[in-house]
file input_15.tsv (TSV, C-alpha atoms)
chain	number	residue	atom	x	y	z
A	1	HIS	CA	-31.12	54.80	133.77
A	2	PRO	CA	-29.98	53.09	130.58
A	3	ASP	CA	-28.16	56.19	129.38
A	4	LEU	CA	-25.69	56.32	132.30
A	5	ALA	CA	-22.22	55.47	131.00
A	6	GLU	CA	-21.12	54.14	134.39
A	7	ILE	CA	-23.85	51.49	134.31
A	8	HIS	CA	-22.59	50.21	130.95
A	9	GLN	CA	-19.04	50.30	132.30
A	10	ASN	CA	-20.01	48.29	135.38
A	11	LEU	CA	-21.90	45.77	133.28
A	12	GLY	CA	-18.84	45.51	131.04
A	13	LEU	CA	-16.69	44.80	134.09
A	14	VAL	CA	-19.01	41.98	135.13
A	15	TYR	CA	-18.83	40.50	131.63
A	16	TYR	CA	-15.05	40.98	131.56
A	17	MET	CA	-14.63	39.12	134.86
A	18	GLN	CA	-16.82	36.32	133.50
A	19	VAL	CA	-14.65	36.19	130.34
A	20	ARG	CA	-17.68	37.05	128.24
A	21	ASN	CA	-15.56	39.19	125.97
A	22	ARG	CA	-18.08	39.99	123.23
A	23	GLU	CA	-20.61	41.27	125.76
A	24	ALA	CA	-17.88	43.15	127.64
A	25	ILE	CA	-16.75	44.86	124.44
A	26	ASP	CA	-20.32	45.89	123.60
A	27	SER	CA	-20.87	47.30	127.11
A	28	PHE	CA	-17.59	49.23	127.19
A	29	GLN	CA	-18.28	50.64	123.73
A	30	ALA	CA	-21.73	51.76	124.91
A	31	ALA	CA	-20.17	53.41	127.96
A	32	LEU	CA	-17.59	55.27	125.87
A	33	LYS	CA	-20.25	56.36	123.40
A	34	ARG	CA	-22.07	58.06	126.26
A	35	LYS	CA	-18.96	59.33	128.06
A	36	PRO	CA	-15.81	59.27	125.87
A	37	ASP	CA	-13.42	60.08	128.73
A	38	LEU	CA	-14.48	57.23	131.01
A	39	ALA	CA	-11.04	55.84	131.84
A	40	GLY	CA	-12.09	52.47	133.24
A	41	ALA	CA	-14.16	51.67	130.16
A	42	ARG	CA	-11.22	52.62	127.93
A	43	LEU	CA	-8.77	50.42	129.85
A	44	PHE	CA	-11.02	47.39	130.01
A	45	LEU	CA	-12.18	47.75	126.40
A	46	GLY	CA	-8.52	47.73	125.39
A	47	MET	CA	-7.87	44.66	127.53
A	48	ALA	CA	-10.97	42.91	126.14
A	49	TYR	CA	-9.64	43.59	122.65
A	50	VAL	CA	-6.33	42.03	123.70
A	51	ARG	CA	-8.17	38.96	124.98
A	52	THR	CA	-9.85	38.61	121.60
A	53	ASN	CA	-6.64	39.20	119.61
A	54	GLN	CA	-7.82	42.56	118.29
A	55	TYR	CA	-4.50	44.21	119.04
A	56	GLU	CA	-4.78	47.04	116.49
A	57	LYS	CA	-8.02	48.20	118.11
A	58	ALA	CA	-6.50	48.03	121.60
A	59	ILE	CA	-3.41	50.13	120.87
A	60	PRO	CA	-5.01	53.61	120.68
A	61	LEU	CA	-7.23	52.91	123.68
A	62	LEU	CA	-4.34	51.78	125.87
A	63	ASN	CA	-2.06	54.58	124.70
A	64	LYS	CA	-4.70	57.16	125.58
A	65	PHE	CA	-5.36	55.49	128.91
A	66	ILE	CA	-1.64	55.54	129.83
A	67	ALA	CA	-1.36	59.20	128.80
A	68	GLN	CA	-4.15	60.06	131.23
A	69	ASN	CA	-3.48	57.43	133.92
A	70	PRO	CA	0.20	56.41	133.97
A	71	LYS	CA	-0.12	54.49	137.25
A	72	GLU	CA	-1.81	51.31	135.99
A	73	ALA	CA	0.59	48.41	135.36
A	74	ARG	CA	-1.95	46.34	133.41
A	75	ALA	CA	-2.13	49.03	130.76
A	76	TYR	CA	1.61	48.80	130.09
A	77	LEU	CA	1.52	45.00	130.01
A	78	ASN	CA	-1.37	44.88	127.58
A	79	LEU	CA	0.00	47.62	125.34
A	80	GLY	CA	3.39	45.92	125.26
A	81	LEU	CA	1.71	42.68	124.21
A	82	CYS	CA	-0.19	44.52	121.47
A	83	TYR	CA	3.03	45.86	120.03
A	84	VAL	CA	4.69	42.44	120.16
A	85	GLU	CA	1.73	40.80	118.46
A	86	THR	CA	1.58	43.44	115.73
A	87	GLY	CA	5.28	43.10	114.93
A	88	GLN	CA	6.44	46.30	116.61
A	89	PRO	CA	9.07	45.12	119.11
A	90	THR	CA	10.76	48.52	119.39
A	91	GLU	CA	7.47	50.06	120.54
A	92	ALA	CA	6.92	47.13	122.91
A	93	ILE	CA	10.32	47.76	124.49
A	94	LYS	CA	9.55	51.48	124.92
A	95	VAL	CA	6.22	50.80	126.62
A	96	LEU	CA	7.48	48.01	128.85
A	97	GLN	CA	10.55	50.07	129.78
A	98	MET	CA	8.27	52.94	130.81
A	99	GLY	CA	6.22	50.44	132.79
A	100	SER	CA	9.31	49.07	134.51
A	101	GLU	CA	10.35	52.59	135.49
A	102	SER	CA	6.94	53.26	137.02
A	103	PHE	CA	6.65	49.78	138.56
A	104	PRO	CA	10.24	48.61	139.19
A	105	LYS	CA	9.12	45.61	141.25
A	106	ASP	CA	6.41	44.39	138.86
A	107	ILE	CA	7.62	40.93	137.94
A	108	ASP	CA	5.23	40.59	134.98
A	109	ILE	CA	6.46	43.79	133.34
A	110	LEU	CA	10.07	42.77	133.90
A	111	TYR	CA	9.42	39.27	132.55
A	112	ASN	CA	7.76	40.57	129.39
A	113	LEU	CA	10.45	43.18	128.86
A	114	GLY	CA	13.08	40.45	129.15
A	115	LYS	CA	11.19	38.29	126.65
A	116	VAL	CA	11.09	41.08	124.08
A	117	TYR	CA	14.79	41.81	124.59
A	118	THR	CA	15.55	38.09	124.16
A	119	GLN	CA	13.53	37.95	120.94
A	120	GLN	CA	15.37	41.01	119.64
A	121	MET	CA	18.72	39.51	120.60
A	122	THR	CA	17.92	36.23	118.85
A	123	SER	CA	16.75	38.06	115.75
A	124	THR	CA	19.91	40.17	115.68
A	125	PHE	CA	22.17	37.14	116.05
A	126	ARG	CA	20.31	35.38	113.21
A	127	LYS	CA	20.89	38.43	111.02
A	128	MET	CA	24.60	38.30	111.88
A	129	ALA	CA	24.77	34.66	110.78
A	130	ASP	CA	22.85	35.44	107.59
A	131	VAL	CA	25.07	38.40	106.70
A	132	ASN	CA	28.36	36.57	107.24
A	133	PRO	CA	28.20	33.09	108.78
A	134	ASP	CA	32.00	32.80	108.84
A	135	SER	CA	32.71	36.19	110.45
A	136	TYR	CA	34.80	36.42	113.57
A	137	ARG	CA	31.81	37.78	115.49
A	138	VAL	CA	29.66	34.74	114.64
A	139	HIS	CA	32.48	32.44	115.76
A	140	GLN	CA	32.89	34.55	118.90
A	141	LEU	CA	29.19	34.24	119.61
A	142	LEU	CA	29.31	30.47	119.11
A	143	ALA	CA	32.34	30.26	121.39
A	144	GLU	CA	30.55	32.22	124.12
A	145	SER	CA	27.55	29.96	123.77
A	146	TYR	CA	29.70	26.81	124.12
A	147	GLU	CA	31.51	28.35	127.06
A	148	ALA	CA	28.24	29.12	128.84
A	149	ARG	CA	27.25	25.47	128.44
A	150	ARG	CA	30.67	24.38	129.76
A	151	GLU	CA	31.59	22.77	126.43
A	152	ILE	CA	35.15	24.04	126.71
A	153	PRO	CA	36.82	22.17	123.82
A	154	ALA	CA	34.18	23.42	121.35
A	155	ALA	CA	34.48	26.93	122.80
A	156	VAL	CA	38.26	26.91	122.37
A	157	GLU	CA	37.91	25.85	118.71
A	158	GLU	CA	35.40	28.62	118.01
A	159	TYR	CA	37.59	31.20	119.75
A	160	LYS	CA	40.50	30.08	117.57
A	161	LEU	CA	38.36	30.51	114.46
A	162	ALA	CA	37.25	33.93	115.67
A	163	LEU	CA	40.87	35.01	116.12
A	164	GLU	CA	41.82	33.69	112.67
A	165	ARG	CA	38.92	35.51	110.99
A	166	GLU	CA	39.54	38.76	112.84
A	167	ALA	CA	43.13	39.04	111.65

call {"tool": "encode", "arguments": {"input": "input_15.tsv", "output": "structure tokens"}}
result
Amino acid sequence: HPDLAEIHQNLGLVYYMQVRNREAIDSFQAALKRKPDLAGARLFLGMAYVRTNQYEKAIPLLNKFIAQNPKEARAYLNLGLCYVETGQPTEAIKVLQMGSESFPKDIDILYNLGKVYTQQMTSTFRKMADVNPDSYRVHQLLAESYEARREIPAAVEEYKLALEREA
């Protein structure tokens, strides 16, 4: 029965597990052509696209899958990665936050959410330094950084500079 979508989906799963991504993609596409609402084919096609760095193609598939099946952690992880890789960190945070609410003990979702937050924090602090490298907030940030590393004399000097600039 070559026209059965489920057969193409199952073949795609075999290829996916064997990391034969091109063949998996072809099989999942064939399954979805025959049965557009086949959730497993949609999820694994999206994940195969992620494996092959085709993030733009994966995004609509994974979004649709999550809308219909919100209880699959891998979908959130892969969609979050797609948004990170396509330069959409705000969207990545939204998706991973939703995933962490649905799966509060999923260490991979939490890890990736933390990574995106850290990247956003670093980017924001760089912008601060670019906007005004001698501002009291930049000196405060430097002081806090020195303090966290137990470099107390350097922290004290930066706090002094922060106080001088704030006045």

call {"tool": "atom_distance", "arguments": {"input": "input_15.tsv", "atom1": "atom CA of A:Lys35", "atom2": "atom CA of A:Ala5"}}
result
5.8 Å

call {"tool": "atom_distance", "arguments": {"input": "input_15.tsv", "atom1": "atom CA of A:Met128", "atom2": "atom CA of A:Ile109"}}
result
28.6 Å

call {"tool": "atom_distance", "arguments": {"input": "input_15.tsv", "atom1": "atom CA of A:Tyr159", "atom2": "atom CA of A:His139"}}
result
6.6 Å

call {"tool": "residues_around", "arguments": {"input": "input_15.tsv", "residues": "A:Leu13", "least_positions_apart": "4", "cutoff": "10 Å", "atoms": "all atoms listed in the file", "output": "PyMOL selection string"}}
result
chain A and resi 7-9+17-21+23-25+27-28+40-41+44-45+48

call {"tool": "residues_around", "arguments": {"input": "input_15.tsv", "residues": "A:Lys64", "least_positions_apart": "4", "cutoff": "10 Å", "atoms": "all atoms listed in the file", "output": "PyMOL selection string"}}
result
chain A and resi 37+39+42-43+59-60+68-70+75

call {"tool": "closest_residue", "arguments": {"input": "input_15.tsv", "among": "A:Leu141, A:Thr52, A:Ala73, A:Arg150", "to": "A:Pro104", "atoms": "only C-alpha atoms"}}
result
A:Ala73

call {"tool": "axis_aligned_box", "arguments": {"input": "input_15.tsv", "around": "stretch 122-129 of chain A", "padding_each_side": "5 Å", "output": "JSON"}}
result
{"center_x": 20.8, "center_y": 37.4, "center_z": 114.8, "size_x": 18.0, "size_y": 15.5, "size_z": 18.1}

call {"tool": "closest_residue", "arguments": {"input": "input_15.tsv", "among": "A:Leu163, A:Leu62, A:Val116, A:Lys94", "to": "A:Tyr49", "atoms": "only C-alpha atoms"}}
result
A:Leu62

call {"tool": "closest_residue", "arguments": {"input": "input_15.tsv", "among": "A:Arg51, A:Arg149, A:Ile93, A:Ser135", "to": "A:Gln120", "atoms": "all atoms listed in the file"}}
result
A:Ile93

call {"tool": "closest_residue", "arguments": {"input": "input_15.tsv", "among": "A:Lys71, A:Lys160, A:Lys115, A:Arg165", "to": "A:Asp134", "atoms": "all atoms listed in the file"}}
result
A:Arg165

call {"tool": "closest_residue", "arguments": {"input": "input_15.tsv", "among": "A:Val50, A:Leu113, A:Val131, A:Val95", "to": "A:Ile66", "atoms": "only C-alpha atoms"}}
result
A:Val95

call {"tool": "closest_residue", "arguments": {"input": "input_15.tsv", "among": "A:Met98, A:Ala148, A:Ala154, A:Ala58", "to": "A:Asn78", "atoms": "all atoms listed in the file"}}
result
A:Ala58

call {"tool": "residues_near_point", "arguments": {"input": "input_15.tsv", "point": "(33.1, 33.0, 117.5)", "cutoff": "7 Å", "atoms": "all atoms listed in the file", "output": "CSV table (one decimal) with C-alpha atoms, keeping the file's coordinate frame"}}
result
chain,number,residue,atom,x,y,z
A,136,TYR,CA,34.8,36.4,113.6
A,137,ARG,CA,31.8,37.8,115.5
A,138,VAL,CA,29.7,34.7,114.6
A,139,HIS,CA,32.5,32.4,115.8
A,140,GLN,CA,32.9,34.6,118.9
A,141,LEU,CA,29.2,34.2,119.6
A,142,LEU,CA,29.3,30.5,119.1
A,143,ALA,CA,32.3,30.3,121.4
A,158,GLU,CA,35.4,28.6,118.0
A,159,TYR,CA,37.6,31.2,119.8
A,161,LEU,CA,38.4,30.5,114.5
A,162,ALA,CA,37.2,33.9,115.7
